[in-house]
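Working notes, structure below.
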Amino acid sequence: MNTISESQADAIQELSNMAINRSAGQLAELTGRPVQLMTPQVRLLSLREFEHFLSDNLYYSAPCINQNFYGSFAGRSLLLYPKASASQLVTLLLNEEKELETLSTMETSALVEVGNILVNSFMGFVCETLDLSVNFTVPQMHMLSPKSARHIIYSDLEGGKSATAEHTVALMLDNEMTVEGTQITGHIILFIDTQTALKLVERMEEIWQS
Amino acid sequence: MAELNHSVEQVLLDGLGLGVISLDRELRITRWNEWISLQMQIASQDALGHPLVELFPSVAENGLLQRLNQTLQHGMTQLLSPLFHHHLLPIAISRKADRTEYMIQSIKILPIKDEHDIVGLLLLVEDYTERTTFEKALRKSNDELTAERLQLQTMHEDLKAAQREVVEAEHLKALVETAGATAHEISQPLQALQTSQEILLYEPDAETNPWRPALTKSLQHIESIVQIIRKMQSIQQYRTKPYLRGRNIVDFESASTEKNRSADT
């Protein structure tokens, strides 16, 4: 799905960069290390395209943090790390190398907090931009598997209505942060209905142009 | 009906097994459930209406106040990991003469909204102390089991190596006995054969003997057999090499300490 123009992509990219960078200071304070966030790349994908994106196996058995939101609009946010980046992040946070599968509850919650900060900075910006009021559920961490990925992508988003490939899109930000020289890749994905996504894109373009 | 709902709400709040504190926009306490009352030894009626910072002065410095204000401003749910923050609400679980131990907590901050505005905050406090202790013990036990498994693995490998050595020693013994006996039995007739061939080769009219080239060749072959016998007599290791139809045969060259003299010279 390629329904955003180049200038719209630029607008989202620059504004998302501003949004994401709000969290750099907080992440630096939390980790006790300098954190630099790069300008994210933005993509709008259909659910099928997103499922295909996951299928190269870089993301399975890696942690993902998802959070539902509801109110003026409903959807789900997801923070996804490739396995190699997740391992690097864990090493940075815990100061020791550890298998992702052996993380304790406390260590897992540290990953969730980092993810929560990144997602909040972006979602806060989206809500401000669109003047929307949404409520969030508590973030949850899962180890991504083909089964859980399908559940996250396709499970009900609002009021028992099934998310269909035609009505929902994945707005994806490819995010790179450098923590004390170590580059960590992550993706923030918003599963929202197509109309809201397009409204968001148009509004961002307007703001950027003005 | 409203009274019943309030009672249900109270039962839920008190039965959750975690601390629930609600705050208004000025961060004054509006709800203080039974769990937090018990942990803090402060009854609900004594906590209600007081600013959170009055009961927990350290929240002004440890970052919690800042996070509460962020949620008031942006309305985002926040999760504060015990790994980073340990005990943002200093709830003592044991006091000793020299030090006080505090509850390790995971805190969630949720905004309370009316139709449009954020009217307050909800703090959910989960006790991670026991879980952390249990996980540490589990990890220690897991590390010990891993170390034991590695030790058993090493012992198993040592045992297999020792078994291999015993089998090899048996093979070597049988090989040395068989090869030694064979070499001994062949040596004497071979010596006689070599002597007779040399007599024929060096007799007075040997220069004109038409069999001379064949005799010379024959003596060279006898010398080769002598070399093989020497190797058979100096076998030190059991070594084999592949032979036809998937079978192995003894490799005299690598099994013996005797090198091929013709090759050396």
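Every chain in the structure tokens takes a letter, A first, then B, and so on in the order presented; its residues are numbered from 1, and the ligands are numbered from 1 following the presented order.
For chain A, the residues having at least one atom no farther than 7 Å from chain B, when counting only C-alpha atoms, are Leu30, Ser104, Met106, Glu107, Ser109, Ala110, Glu113, Asn116, Asn120, Gly124, Ser133, Phe136 and Val138 of chain A.
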### Message
I need the alpha helix (DSSP H) residues of segment 89-144 of chain B per DSSP on the backbone, written as a ChimeraX atom specification.
### Response
/B:129-144
Those selected residues, please, written with C-alpha atoms and delivered as an mmCIF file, in the first residue's frame.
data_model
loop_
_atom_site.group_PDB
_atom_site.id
_atom_site.type_symbol
_atom_site.label_atom_id
_atom_site.label_comp_id
_atom_site.auth_asym_id
_atom_site.auth_seq_id
_atom_site.Cartn_x
_atom_site.Cartn_y
_atom_site.Cartn_z
ATOM 1 C CA THR B 129 10.144 -7.947 46.466
ATOM 2 C CA GLU B 130 9.170 -11.588 46.848
ATOM 3 C CA ARG B 131 9.160 -12.196 43.103
ATOM 4 C CA THR B 132 12.638 -10.680 42.795
ATOM 5 C CA THR B 133 13.959 -12.806 45.666
ATOM 6 C CA PHE B 134 12.351 -15.901 44.167
ATOM 7 C CA GLU B 135 13.719 -15.179 40.698
ATOM 8 C CA LYS B 136 17.202 -14.585 42.128
ATOM 9 C CA ALA B 137 17.016 -17.932 43.959
ATOM 10 C CA LEU B 138 15.687 -19.606 40.818
ATOM 11 C CA ARG B 139 18.485 -18.126 38.730
ATOM 12 C CA LYS B 140 21.093 -19.206 41.294
ATOM 13 C CA SER B 141 19.647 -22.699 41.314
ATOM 14 C CA ASN B 142 19.574 -22.696 37.507
ATOM 15 C CA ASP B 143 23.222 -21.585 37.374
ATOM 16 C CA GLU B 144 24.166 -24.348 39.803
#
### Task
List every residue of segment 20-208 of chain B that DSSP, applied to the backbone, labels as strand (DSSP E or B), and write the result as a ChimeraX atom specification.
/B:20-24,28-32,51,78-80,92-95,100-102,105-113,118-127
### Query
Quick one: of A:Ile65, A:Met204, A:Ile117, A:Leu100, who's nearest to Leu190 of chain A, counting only C-alpha atoms?
A:Ile65
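Residues within 12 Å of Val176 of chain B, counting only C-alpha atoms and excluding same-chain residues fewer than 2 positions away, are Glu168, Ala169, Glu170, His171, Leu172, Lys173, Ala174, Thr178, Ala179, Gly180, Ala181, Thr182, Ala183, His184, Ile229, Lys231, Met232, Gln233, Ser234, Ile235, Gln236, Gln237, Tyr238, Arg239, Val250, Phe252, Ala255 and Ser256 of chain B.
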Give me a file of those residues, with C-alpha atoms, as a short mmCIF file (atom, residue, chain, number, x, y, z; two decimals), in the first residue's frame.
data_model
loop_
_atom_site.label_atom_id
_atom_site.label_comp_id
_atom_site.auth_asym_id
_atom_site.auth_seq_id
_atom_site.Cartn_x
_atom_site.Cartn_y
_atom_site.Cartn_z
CA GLU B 168 42.66 -49.16 21.96
CA ALA B 169 45.02 -50.78 24.47
CA GLU B 170 43.26 -54.14 23.89
CA HIS B 171 43.55 -53.71 20.15
CA LEU B 172 47.21 -52.75 20.47
CA LYS B 173 47.97 -55.76 22.66
CA ALA B 174 46.36 -58.14 20.16
CA THR B 178 49.91 -61.12 16.24
CA ALA B 179 52.31 -58.92 14.29
CA GLY B 180 55.26 -59.95 16.51
CA ALA B 181 54.54 -63.67 16.03
CA THR B 182 54.05 -63.25 12.29
CA ALA B 183 57.27 -61.26 11.93
CA HIS B 184 59.17 -63.85 13.97
CA ILE B 229 58.72 -56.97 9.29
CA LYS B 231 57.63 -52.12 11.28
CA MET B 232 55.55 -55.03 12.54
CA GLN B 233 58.10 -55.56 15.30
CA SER B 234 58.07 -51.90 16.37
CA ILE B 235 54.29 -51.27 16.58
CA GLN B 236 53.52 -48.71 19.29
CA GLN B 237 49.95 -47.64 18.49
CA TYR B 238 46.77 -49.12 17.11
CA ARG B 239 46.23 -47.32 13.82
CA VAL B 250 46.20 -51.99 10.23
CA PHE B 252 51.84 -50.30 9.77
CA ALA B 255 51.35 -47.57 13.89
CA SER B 256 55.09 -48.24 14.06
#
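Note that the spacing between atom CA of Tyr60 of chain A and atom CA of Ile153 of chain A amounts to 14.2 Å.
Residues with any atom within 8 Å of Pro40 of chain A, counting only C-alpha atoms and excluding same-chain neighbours fewer than 6 positions away, are Gln13, Ser16, Asn17, Leu173, Asp174, Asn175 and Glu176 of chain A.
Each of B:Arg25, B:Arg99, B:Lys217, B:Arg31 was compared to Gln194 of chain B using only C-alpha atoms, and B:Lys217 turns out to be the nearest.
Coordinates place atom CA of Asp24 of chain B at a distance of 11.4 Å from atom CA of Asn69 of chain B.
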### Task
Compile the contact shell of Ile207 of chain A as an MDAnalysis selection string: residues with an atom at most 9 Å away, counting only C-alpha atoms, same-chain residues fewer than 4 positions apart removed.
chainID A and resid 11 15 129 202:203
### Query
Quick one: residues within 10 Å of Pro57 of chain B, only C-alpha atoms counted, chain neighbours fewer than 6 positions away excluded, as a list in words?
Pro51, Leu65, Leu89 and Pro90 of chain B
Same residues, N, CA and C atoms, output as a JSON list (two decimals), in the first residue's frame:
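Dumped everything to part.json:
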[["chain", "number", "residue", "atom", "x", "y", "z"],
["B", 51, "PRO", "N", -1.61, 15.89, 50.21],
["B", 51, "PRO", "CA", -0.79, 15.77, 48.98],
["B", 51, "PRO", "C", 0.12, 14.54, 49.08],
["B", 65, "LEU", "N", 7.38, 12.39, 40.88],
["B", 65, "LEU", "CA", 6.56, 13.59, 40.73],
["B", 65, "LEU", "C", 6.57, 14.09, 39.27],
["B", 89, "LEU", "N", 8.05, 4.74, 45.94],
["B", 89, "LEU", "CA", 7.31, 5.04, 47.17],
["B", 89, "LEU", "C", 8.02, 4.26, 48.28],
["B", 90, "PRO", "N", 8.78, 4.94, 49.13],
["B", 90, "PRO", "CA", 9.59, 4.19, 50.11],
["B", 90, "PRO", "C", 8.73, 3.52, 51.19]]
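Closest approach to Ser77 of chain A from the set A:Asn21, A:Gln140, A:Thr108, A:Ser46 is made by A:Gln140, with distances taken over only C-alpha atoms.
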### Query
Any idea what's packed within 9 Å of Val126 of chain A, counting only C-alpha atoms, ignoring anything in its chain fewer than 5 positions away? Could you give it as number ranges by chain?
A: 16, 19, 121, 131-132, 200, 204
Pull C-alpha atoms from the residues just selected and write them as a PDB file, in the first residue's frame.
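Result file follows (selection18.pdb):
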ATOM      1  CA  SER A  16       7.792  12.181  14.093  1.00  0.00           C
ATOM      2  CA  ALA A  19       8.023  13.721  18.676  1.00  0.00           C
ATOM      3  CA  SER A 121       6.293  10.288  22.873  1.00  0.00           C
ATOM      4  CA  ASP A 131      -6.628  17.002  18.847  1.00  0.00           C
ATOM      5  CA  LEU A 132      -7.810  13.581  19.934  1.00  0.00           C
ATOM      6  CA  LEU A 200      -3.274  11.963  10.400  1.00  0.00           C
ATOM      7  CA  MET A 204       0.819  16.374   9.569  1.00  0.00           C
TER       8      MET A 204
END
